[in-house]
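K.L.:
Dropping in query.pdb, which is PDB, C-alpha atoms and all ligand atoms:
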ATOM      1  CA  MET H   1     -22.754 -56.068 -35.504
ATOM      2  CA  GLN H   2     -19.978 -55.039 -37.734
ATOM      3  CA  ALA H   3     -21.445 -51.534 -37.963
ATOM      4  CA  THR H   4     -21.600 -51.291 -34.162
ATOM      5  CA  THR H   5     -18.007 -52.282 -33.668
ATOM      6  CA  SER H   6     -16.803 -49.959 -36.432
ATOM      7  CA  SER H   7     -18.745 -46.869 -35.103
ATOM      8  CA  GLN H   8     -17.422 -47.152 -31.476
ATOM      9  CA  PRO H   9     -13.854 -46.020 -32.210
ATOM     10  CA  SER H  10     -15.103 -43.166 -34.381
ATOM     11  CA  THR H  11     -17.350 -41.890 -31.527
ATOM     12  CA  ASN H  12     -14.421 -42.077 -29.138
ATOM     13  CA  ASN H  13     -12.245 -40.251 -31.624
ATOM     14  CA  SER H  14     -14.810 -37.489 -32.084
ATOM     15  CA  ARG H  15     -15.216 -37.122 -28.289
ATOM     16  CA  GLY H  16     -11.471 -37.041 -27.888
ATOM     17  CA  SER H  17     -11.098 -34.398 -30.559
ATOM     18  CA  LEU H  18     -13.919 -32.350 -28.931
ATOM     19  CA  VAL H  19     -12.195 -32.477 -25.527
ATOM     20  CA  GLY H  20      -8.927 -31.542 -27.190
ATOM     21  CA  GLN H  21     -10.559 -28.600 -28.926
ATOM     22  CA  ARG H  22     -12.086 -27.374 -25.656
ATOM     23  CA  ALA H  23      -8.742 -27.695 -23.867
ATOM     24  CA  ALA H  24      -7.016 -25.789 -26.661
ATOM     25  CA  HIS H  25      -9.740 -23.142 -26.564
ATOM     26  CA  GLY H  26      -9.381 -22.824 -22.764
ATOM     27  CA  GLN H  27      -5.605 -22.467 -23.118
ATOM     28  CA  LEU H  28      -6.029 -19.888 -25.851
ATOM     29  CA  LEU H  29      -8.516 -17.924 -23.717
ATOM     30  CA  HIS H  30      -6.154 -18.093 -20.721
ATOM     31  CA  ARG H  31      -3.282 -16.724 -22.831
ATOM     32  CA  LYS H  32      -5.508 -14.011 -24.210
ATOM     33  CA  LEU H  33      -6.611 -12.946 -20.719
ATOM     34  CA  GLN H  34      -2.981 -12.982 -19.518
ATOM     35  CA  LEU H  35      -1.953 -10.761 -22.407
ATOM     36  CA  LEU H  36      -4.845  -8.370 -21.746
ATOM     37  CA  ALA H  37      -3.937  -8.195 -18.033
ATOM     38  CA  TYR H  38      -0.329  -7.369 -18.976
ATOM     39  CA  ILE H  39      -1.417  -4.686 -21.463
ATOM     40  CA  TYR H  40      -3.839  -3.060 -19.005
ATOM     41  CA  THR H  41      -1.242  -3.123 -16.182
ATOM     42  CA  GLU H  42       1.367  -1.472 -18.418
ATOM     43  CA  ARG H  43      -1.181   1.141 -19.487
ATOM     44  CA  ALA H  44      -2.120   1.880 -15.856
ATOM     45  CA  ASN H  45       1.590   2.169 -14.955
ATOM     46  CA  ALA H  46       2.211   4.623 -17.783
ATOM     47  CA  ARG H  47      -0.816   6.692 -16.706
ATOM     48  CA  LEU H  48       0.428   6.746 -13.096
ATOM     49  CA  VAL H  49       3.940   7.872 -14.108
ATOM     50  CA  HIS H  50       2.481  10.529 -16.405
ATOM     51  CA  SER H  51       0.264  11.940 -13.636
ATOM     52  CA  LEU H  52       3.208  11.923 -11.167
ATOM     53  CA  HIS H  53       5.328  13.854 -13.689
ATOM     54  CA  ASN H  54       2.503  16.346 -14.203
ATOM     55  CA  LYS H  55       1.939  16.870 -10.491
ATOM     56  CA  PHE H  56       5.493  16.918  -9.117
ATOM     57  CA  GLY H  57       7.640  17.817 -12.122
ATOM     58  CA  ASP H  58      10.561  16.016 -13.703
ATOM     59  CA  ASN H  59      12.798  16.236 -10.623
ATOM     60  CA  MET H  60      10.495  14.110  -8.511
ATOM     61  CA  VAL H  61      12.024  11.618  -6.084
ATOM     62  CA  GLY H  62       9.839   8.806  -4.807
ATOM     63  CA  ILE H  63      10.048   7.736  -1.158
ATOM     64  CA  MET H  64       8.482   4.493  -0.061
ATOM     65  CA  GLY H  65       8.398   2.659   3.239
ATOM     66  CA  ASP H  66      10.676  -0.371   3.367
ATOM     67  CA  TRP H  67       8.051  -2.555   5.021
ATOM     68  CA  SER H  68       6.681  -5.189   2.674
ATOM     69  CA  ALA H  69       3.047  -6.051   3.340
ATOM     70  CA  LEU H  70       2.148  -9.711   3.470
ATOM     71  CA  HIS H  71      -0.820 -10.937   1.516
ATOM     72  CA  ARG H  72      -4.000 -10.991   3.586
ATOM     73  CA  ARG H  73      -7.211 -12.757   2.783
ATOM     74  CA  PHE H  74      -9.948 -10.597   1.246
ATOM     75  CA  ARG H  75      -7.456  -7.739   0.761
ATOM     76  CA  GLU H  76      -5.998  -6.533  -2.491
ATOM     77  CA  PRO H  77      -2.221  -7.156  -2.593
ATOM     78  CA  ILE H  78      -0.107  -4.044  -2.020
ATOM     79  CA  ARG H  79       2.512  -3.362  -4.658
ATOM     80  CA  GLY H  80       5.972  -2.965  -3.181
ATOM     81  CA  LYS H  81       9.019  -4.191  -5.088
ATOM     82  CA  GLY H  82       7.087  -4.281  -8.369
ATOM     83  CA  MET H  83       6.125  -0.628  -7.950
ATOM     84  CA  CYS H  84       9.767   0.382  -7.285
ATOM     85  CA  LYS H  85      10.992  -1.509 -10.351
ATOM     86  CA  MET H  86       8.278  -0.026 -12.530
ATOM     87  CA  MET H  87       9.037   3.549 -11.424
ATOM     88  CA  ARG H  88      12.782   3.084 -11.906
ATOM     89  CA  ARG H  89      12.114   1.632 -15.350
ATOM     90  CA  HIS H  90      10.240   4.826 -16.226
ATOM     91  CA  GLY H  91      13.118   7.010 -14.992
ATOM     92  CA  LEU H  92      11.736   7.950 -11.556
ATOM     93  CA  PRO H  93      14.241   7.427  -8.736
ATOM     94  CA  VAL H  94      12.742   5.635  -5.735
ATOM     95  CA  TYR H  95      14.310   5.303  -2.306
ATOM     96  CA  LEU H  96      13.210   3.108   0.546
ATOM     97  CA  LEU H  97      12.857   4.630   3.986
ATOM     98  CA  ASN H  98      12.677   2.956   7.377
ATOM     99  CA  LYS H  99       9.153   3.540   8.674
ATOM    100  CA  HIS H 100      10.029   3.082  12.352
ATOM    101  CA  LYS H 101       7.672   5.268  14.467
ATOM    102  CA  THR H 102       6.587   7.403  11.495
ATOM    103  CA  SER H 103       2.921   6.840  12.291
ATOM    104  CA  SER H 104       3.260   7.070  16.068
ATOM    105  CA  ILE H 105       4.931  10.495  16.499
ATOM    106  CA  CYS H 106       3.139  13.788  15.896
ATOM    107  CA  PRO H 107       4.664  15.462  12.804
ATOM    108  CA  LYS H 108       3.765  18.946  14.071
ATOM    109  CA  CYS H 109       5.297  19.063  17.542
ATOM    110  CA  CYS H 110       7.634  16.043  17.005
ATOM    111  CA  THR H 111       7.466  15.311  20.733
ATOM    112  CA  GLY H 112       3.983  13.980  21.343
ATOM    113  CA  ASP H 113       3.018  10.381  20.747
ATOM    114  CA  LEU H 114      -0.049   9.647  18.651
ATOM    115  CA  GLU H 115      -2.794   7.533  20.184
ATOM    116  CA  LYS H 116      -5.871   5.772  18.903
ATOM    117  CA  PHE H 117      -9.018   6.994  20.586
ATOM    118  CA  LEU H 118     -12.054   6.669  18.361
ATOM    119  CA  GLU H 119     -14.445   3.731  18.636
ATOM    120  CA  VAL H 120     -16.337   2.909  15.455
ATOM    121  CA  ASP H 121     -18.755   0.227  14.314
ATOM    122  CA  ASN H 122     -16.943  -2.994  13.499
ATOM    123  CA  PRO H 123     -16.384  -2.962   9.699
ATOM    124  CA  CYS H 124     -16.570  -6.788   9.656
ATOM    125  CA  LYS H 125     -20.329  -7.267   9.612
ATOM    126  CA  TRP H 126     -20.135 -10.977  10.428
ATOM    127  CA  ARG H 127     -18.222 -10.180  13.667
ATOM    128  CA  ARG H 128     -20.438  -7.383  14.884
ATOM    129  CA  HIS H 129     -22.406  -9.674  17.162
ATOM    130  CA  GLU H 130     -19.150 -10.591  18.984
ATOM    131  CA  ARG H 131     -17.521  -7.127  18.951
ATOM    132  CA  PRO H 132     -19.915  -4.347  17.919
ATOM    133  CA  LYS H 133     -17.263  -1.607  18.355
ATOM    134  CA  VAL H 134     -13.565  -1.536  17.448
ATOM    135  CA  ILE H 135     -10.823   1.075  17.755
ATOM    136  CA  CYS H 136     -10.274   3.071  14.543
ATOM    137  CA  HIS H 137      -6.669   2.746  13.309
ATOM    138  CA  GLY H 138      -6.903   5.519  10.736
ATOM    139  CA  LEU H 139      -7.548   8.475  13.044
ATOM    140  CA  LEU H 140      -4.972   9.402  15.696
ATOM    141  CA  ARG H 141      -4.568  12.258  18.130
ATOM    142  CA  CYS H 142      -1.497  13.856  19.655
ATOM    143  CA  MET H 143      -1.018  13.265  23.369
ATOM    144  CA  ASN H 144       0.832  16.552  23.760
ATOM    145  CA  ARG H 145      -1.825  18.851  25.271
ATOM    146  CA  ASP H 146       0.333  22.001  25.281
ATOM    147  CA  PRO H 147      -1.789  24.609  23.387
ATOM    148  CA  ALA H 148       1.334  26.312  22.031
ATOM    149  CA  ALA H 149       2.512  23.095  20.372
ATOM    150  CA  HIS H 150      -0.233  23.122  17.745
ATOM    151  CA  LYS H 151      -1.604  26.120  15.894
ATOM    152  CA  ASP H 152      -4.478  26.435  13.462
ATOM    153  CA  LYS H 153      -4.171  27.874   9.956
ATOM    154  CA  HIS H 154      -4.522  31.434  11.349
ATOM    155  CA  GLY H 155      -1.602  30.909  13.747
ATOM    156  CA  LYS H 156      -3.735  30.706  16.886
ATOM    157  CA  PRO H 157      -3.030  28.042  19.508
ATOM    158  CA  LEU H 158      -5.232  25.050  18.950
ATOM    159  CA  GLU H 159      -7.739  24.159  21.666
ATOM    160  CA  GLY H 160      -7.929  20.446  22.477
ATOM    161  CA  ALA H 161      -6.039  17.609  20.873
ATOM    162  CA  ARG H 162      -4.605  17.737  17.357
ATOM    163  CA  CYS H 163      -5.989  14.889  15.257
ATOM    164  CA  TRP H 164      -4.182  13.228  12.364
ATOM    165  CA  ASN H 165      -4.940  10.790   9.634
ATOM    166  CA  CYS H 166      -2.338   8.054  10.198
ATOM    167  CA  ASP H 167      -1.208   7.980   6.535
ATOM    168  CA  MET H 168      -0.890  11.774   6.446
ATOM    169  CA  ALA H 169       1.173  11.744   9.670
ATOM    170  CA  ALA H 170       3.451   9.026   8.253
ATOM    171  CA  ALA H 171       3.966  10.940   4.967
ATOM    172  CA  LEU H 172       4.808  14.191   6.837
ATOM    173  CA  ASN H 173       7.251  12.297   9.052
ATOM    174  CA  PHE H 174       8.822  10.838   5.889
ATOM    175  CA  ALA H 175       9.415  14.441   4.782
ATOM    176  CA  HIS H 176      10.993  15.244   8.206
ATOM    177  CA  ILE H 177      13.362  12.304   7.882
ATOM    178  CA  LEU H 178      14.261  13.192   4.298
ATOM    179  CA  ARG H 179      15.022  16.848   5.146
ATOM    180  CA  SER H 180      17.123  15.764   8.111
ATOM    181  CA  ALA H 181      18.996  13.223   5.977
ATOM    182  CA  ARG H 182      19.723  15.915   3.383
ATOM    183  CA  ALA H 183      20.834  18.494   5.988
ATOM    184  CA  THR H 184      22.764  16.357   8.458
ATOM    185  CA  GLY H 185      23.010  12.926   6.858
ATOM    186  CA  GLN H 186      21.210  11.357   9.810
ATOM    187  CA  VAL H 187      17.737  10.219  10.764
ATOM    188  CA  PRO H 188      16.154  12.375  13.532
ATOM    189  CA  GLU H 189      16.642  10.882  16.968
ATOM    190  CA  GLN H 190      12.942  10.216  17.618
ATOM    191  CA  PHE H 191      12.721   7.944  14.564
ATOM    192  CA  ARG H 192      15.813   5.864  15.292
ATOM    193  CA  HIS H 193      15.699   2.300  16.561
ATOM    194  CA  ALA H 194      16.696   1.861  20.195
ATOM    195  CA  GLN H 195      20.304   0.781  20.427
ATOM    196  CA  PRO H 196      20.901  -2.425  22.404
ATOM    197  CA  ALA H 197      22.540  -1.841  25.777
ATOM    198  CA  GLN H 198      26.280  -2.503  25.708
ATOM    199  CA  ASN H 199      27.867  -4.331  28.635
TER
HETATM  200 ZN    ZN S 201       1.656  17.123  18.523
END
Please re-express this file's structure in structure tokens.
Ligand SMILES: [Zn+2]
P.N.:
Amino acid sequence: MQATTSSQPSTNNSRGSLVGQRAAHGQLLHRKLQLLAYIYTERANARLVHSLHNKFGDNMVGIMGDWSALHRRFREPIRGKGMCKMMRRHGLPVYLLNKHKTSSICPKCCTGDLEKFLEVDNPCKWRRHERPKVICHGLLRCMNRDPAAHKDKHGKPLEGARCWNCDMAAALNFAHILRSARATGQVPEQFRHAQPAQN
């Protein structure tokens, strides 16, 4: 009886020490994984800056849209402020640019609006039975049908509509805005926000 009563606290103590060891091990593993994530992120950042320097030279200026993307379920978070801070820390100047209408105006003719036109299979497989087809957001076409407005790489007028990747169109419009800002100090009229009517 005495042996039973004396062994109970020792079993509890050994269980308690085992739980404590596991908790400490879990904490140690968590810290180790955090440190590895930090090291790998810093290494990826350095590789990105190095490749940007190689591709665009030392006088590169980074332009980013000022729209901050919210976190969406099942999507990888988009780096915004963190990317700017990282690039500035590595000596690359970054400026934010208002993205108003940059992906809805044709960068070639600067007068035609871009429209979505292509229907594709719904990428969400679990929703295909409700909506088998959806409009593709990545491919746009210019609504300006004037053949002289768009030319192919040989300088001939382009037959039919000019199609654009939406990210490519936005990046080319960024370049338009930047050149205009350098030359005149103003954003081109087609990319400005509508001014509220004054009474
Ligand atoms: Zn156009």
K.L.:
Using only C-alpha atoms, determine which residues lie at most 10 Å from segment 40-47 of chain H, disregarding the query and same-chain residues fewer than 6 positions distant; provide the list as a PDB file with C-alpha atoms, in the coordinates of the input.
P.N.:
ATOM      1  CA  GLN H  34      -2.981 -12.982 -19.518  1.00  0.00           C
ATOM      2  CA  HIS H  53       5.328  13.854 -13.689  1.00  0.00           C
ATOM      3  CA  MET H  83       6.125  -0.628  -7.950  1.00  0.00           C
ATOM      4  CA  MET H  86       8.278  -0.026 -12.530  1.00  0.00           C
ATOM      5  CA  MET H  87       9.037   3.549 -11.424  1.00  0.00           C
ATOM      6  CA  HIS H  90      10.240   4.826 -16.226  1.00  0.00           C
TER       7      HIS H  90
END
K.L.:
Please enumerate the residues selected by the PyMOL selection byres (((not hetatm)) within 6 of (chain S and resi 201)) when evaluated against the supplied file, formatted as a ChimeraX atom specification.
P.N.:
/H:106,108-109,112,142,144
K.L.:
With distances taken over all atoms listed in the file, which of H:Pro77, H:Gly138, H:Pro123, H:Gly20 is nearest to Ala169 of chain H?
P.N.:
H:Gly138
K.L.:
Between atom CA of Leu28 of chain H and atom CA of Arg79 of chain H, what is the distance in Å, rounded to a tenth?
P.N.:
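Separation of atom CA of Leu28 of chain H and atom CA of Arg79 of chain H: 28.2 Å.
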K.L.:
Applying the PyMOL selection byres (((chain H and resi 165) around 10) and not hetatm) to the file I just gave you, which residues come out? Please list them as a PDB file with C-alpha atoms, in the frame of the given file.
P.N.:
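What ended up in result11.pdb:
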ATOM      1  CA  SER H 103       2.921   6.840  12.291  1.00  0.00           C
ATOM      2  CA  HIS H 137      -6.669   2.746  13.309  1.00  0.00           C
ATOM      3  CA  GLY H 138      -6.903   5.519  10.736  1.00  0.00           C
ATOM      4  CA  LEU H 139      -7.548   8.475  13.044  1.00  0.00           C
ATOM      5  CA  LEU H 140      -4.972   9.402  15.696  1.00  0.00           C
ATOM      6  CA  ARG H 141      -4.568  12.258  18.130  1.00  0.00           C
ATOM      7  CA  CYS H 163      -5.989  14.889  15.257  1.00  0.00           C
ATOM      8  CA  TRP H 164      -4.182  13.228  12.364  1.00  0.00           C
ATOM      9  CA  CYS H 166      -2.338   8.054  10.198  1.00  0.00           C
ATOM     10  CA  ASP H 167      -1.208   7.980   6.535  1.00  0.00           C
ATOM     11  CA  MET H 168      -0.890  11.774   6.446  1.00  0.00           C
ATOM     12  CA  ALA H 169       1.173  11.744   9.670  1.00  0.00           C
ATOM     13  CA  ALA H 170       3.451   9.026   8.253  1.00  0.00           C
TER      14      ALA H 170
END
K.L.:
From the options H:His150, H:Arg75, H:Arg15, H:Lys156, which residue's atoms come nearest to Cys110 of chain H, counting all atoms listed in the file?
P.N.:
H:His150
K.L.:
Rebuild segment 131-155 of chain H to N, CA and C atoms - output it as a PDB file, keeping the file's coordinate frame, please.
P.N.:
ATOM      1  N   ARG H 131     -18.141  -8.410  18.570  1.00  0.00           N
ATOM      2  CA  ARG H 131     -17.521  -7.127  18.951  1.00  0.00           C
ATOM      3  C   ARG H 131     -18.188  -6.018  18.149  1.00  0.00           C
ATOM      4  N   PRO H 132     -19.223  -5.387  18.699  1.00  0.00           N
ATOM      5  CA  PRO H 132     -19.915  -4.347  17.919  1.00  0.00           C
ATOM      6  C   PRO H 132     -19.055  -3.116  17.641  1.00  0.00           C
ATOM      7  N   LYS H 133     -18.117  -2.799  18.531  1.00  0.00           N
ATOM      8  CA  LYS H 133     -17.263  -1.607  18.355  1.00  0.00           C
ATOM      9  C   LYS H 133     -15.796  -2.006  18.321  1.00  0.00           C
ATOM     10  N   VAL H 134     -15.019  -1.329  17.493  1.00  0.00           N
ATOM     11  CA  VAL H 134     -13.565  -1.536  17.448  1.00  0.00           C
ATOM     12  C   VAL H 134     -12.878  -0.171  17.445  1.00  0.00           C
ATOM     13  N   ILE H 135     -11.602  -0.173  17.779  1.00  0.00           N
ATOM     14  CA  ILE H 135     -10.823   1.075  17.755  1.00  0.00           C
ATOM     15  C   ILE H 135     -10.436   1.395  16.313  1.00  0.00           C
ATOM     16  N   CYS H 136     -10.633   2.636  15.902  1.00  0.00           N
ATOM     17  CA  CYS H 136     -10.274   3.071  14.543  1.00  0.00           C
ATOM     18  C   CYS H 136      -8.757   3.266  14.456  1.00  0.00           C
ATOM     19  N   HIS H 137      -8.131   2.637  13.469  1.00  0.00           N
ATOM     20  CA  HIS H 137      -6.669   2.746  13.309  1.00  0.00           C
ATOM     21  C   HIS H 137      -6.280   3.933  12.423  1.00  0.00           C
ATOM     22  N   GLY H 138      -7.240   4.478  11.702  1.00  0.00           N
ATOM     23  CA  GLY H 138      -6.903   5.519  10.736  1.00  0.00           C
ATOM     24  C   GLY H 138      -6.837   6.917  11.318  1.00  0.00           C
ATOM     25  N   LEU H 139      -7.525   7.140  12.442  1.00  0.00           N
ATOM     26  CA  LEU H 139      -7.548   8.475  13.044  1.00  0.00           C
ATOM     27  C   LEU H 139      -6.797   8.454  14.373  1.00  0.00           C
ATOM     28  N   LEU H 140      -5.810   9.352  14.500  1.00  0.00           N
ATOM     29  CA  LEU H 140      -4.972   9.402  15.696  1.00  0.00           C
ATOM     30  C   LEU H 140      -5.020  10.804  16.276  1.00  0.00           C
ATOM     31  N   ARG H 141      -4.672  10.923  17.545  1.00  0.00           N
ATOM     32  CA  ARG H 141      -4.568  12.258  18.130  1.00  0.00           C
ATOM     33  C   ARG H 141      -3.285  12.365  18.932  1.00  0.00           C
ATOM     34  N   CYS H 142      -2.768  13.601  18.967  1.00  0.00           N
ATOM     35  CA  CYS H 142      -1.497  13.856  19.655  1.00  0.00           C
ATOM     36  C   CYS H 142      -1.746  13.917  21.153  1.00  0.00           C
ATOM     37  N   MET H 143      -0.863  13.278  21.912  1.00  0.00           N
ATOM     38  CA  MET H 143      -1.018  13.265  23.369  1.00  0.00           C
ATOM     39  C   MET H 143      -0.407  14.499  24.018  1.00  0.00           C
ATOM     40  N   ASN H 144       0.268  15.314  23.226  1.00  0.00           N
ATOM     41  CA  ASN H 144       0.832  16.552  23.760  1.00  0.00           C
ATOM     42  C   ASN H 144      -0.297  17.595  23.851  1.00  0.00           C
ATOM     43  N   ARG H 145      -0.692  17.941  25.076  1.00  0.00           N
ATOM     44  CA  ARG H 145      -1.825  18.851  25.271  1.00  0.00           C
ATOM     45  C   ARG H 145      -1.397  20.313  25.431  1.00  0.00           C
ATOM     46  N   ASP H 146      -0.134  20.617  25.186  1.00  0.00           N
ATOM     47  CA  ASP H 146       0.333  22.001  25.281  1.00  0.00           C
ATOM     48  C   ASP H 146      -0.295  22.822  24.142  1.00  0.00           C
ATOM     49  N   PRO H 147      -1.116  23.859  24.459  1.00  0.00           N
ATOM     50  CA  PRO H 147      -1.789  24.609  23.387  1.00  0.00           C
ATOM     51  C   PRO H 147      -0.827  25.285  22.418  1.00  0.00           C
ATOM     52  N   ALA H 148       0.376  25.631  22.911  1.00  0.00           N
ATOM     53  CA  ALA H 148       1.334  26.312  22.031  1.00  0.00           C
ATOM     54  C   ALA H 148       1.980  25.361  21.022  1.00  0.00           C
ATOM     55  N   ALA H 149       1.841  24.066  21.256  1.00  0.00           N
ATOM     56  CA  ALA H 149       2.512  23.095  20.372  1.00  0.00           C
ATOM     57  C   ALA H 149       1.823  22.990  19.014  1.00  0.00           C
ATOM     58  N   HIS H 150       0.506  23.238  18.997  1.00  0.00           N
ATOM     59  CA  HIS H 150      -0.233  23.122  17.745  1.00  0.00           C
ATOM     60  C   HIS H 150      -0.971  24.415  17.484  1.00  0.00           C
ATOM     61  N   LYS H 151      -0.902  24.891  16.261  1.00  0.00           N
ATOM     62  CA  LYS H 151      -1.604  26.120  15.894  1.00  0.00           C
ATOM     63  C   LYS H 151      -2.496  25.844  14.698  1.00  0.00           C
ATOM     64  N   ASP H 152      -3.594  26.606  14.620  1.00  0.00           N
ATOM     65  CA  ASP H 152      -4.478  26.435  13.462  1.00  0.00           C
ATOM     66  C   ASP H 152      -3.931  27.205  12.270  1.00  0.00           C
ATOM     67  N   LYS H 153      -4.681  27.249  11.177  1.00  0.00           N
ATOM     68  CA  LYS H 153      -4.171  27.874   9.956  1.00  0.00           C
ATOM     69  C   LYS H 153      -4.036  29.384  10.076  1.00  0.00           C
ATOM     70  N   HIS H 154      -4.670  29.995  11.119  1.00  0.00           N
ATOM     71  CA  HIS H 154      -4.522  31.434  11.349  1.00  0.00           C
ATOM     72  C   HIS H 154      -3.408  31.736  12.348  1.00  0.00           C
ATOM     73  N   GLY H 155      -2.707  30.699  12.820  1.00  0.00           N
ATOM     74  CA  GLY H 155      -1.602  30.909  13.747  1.00  0.00           C
ATOM     75  C   GLY H 155      -2.012  30.956  15.196  1.00  0.00           C
TER      76      GLY H 155
END
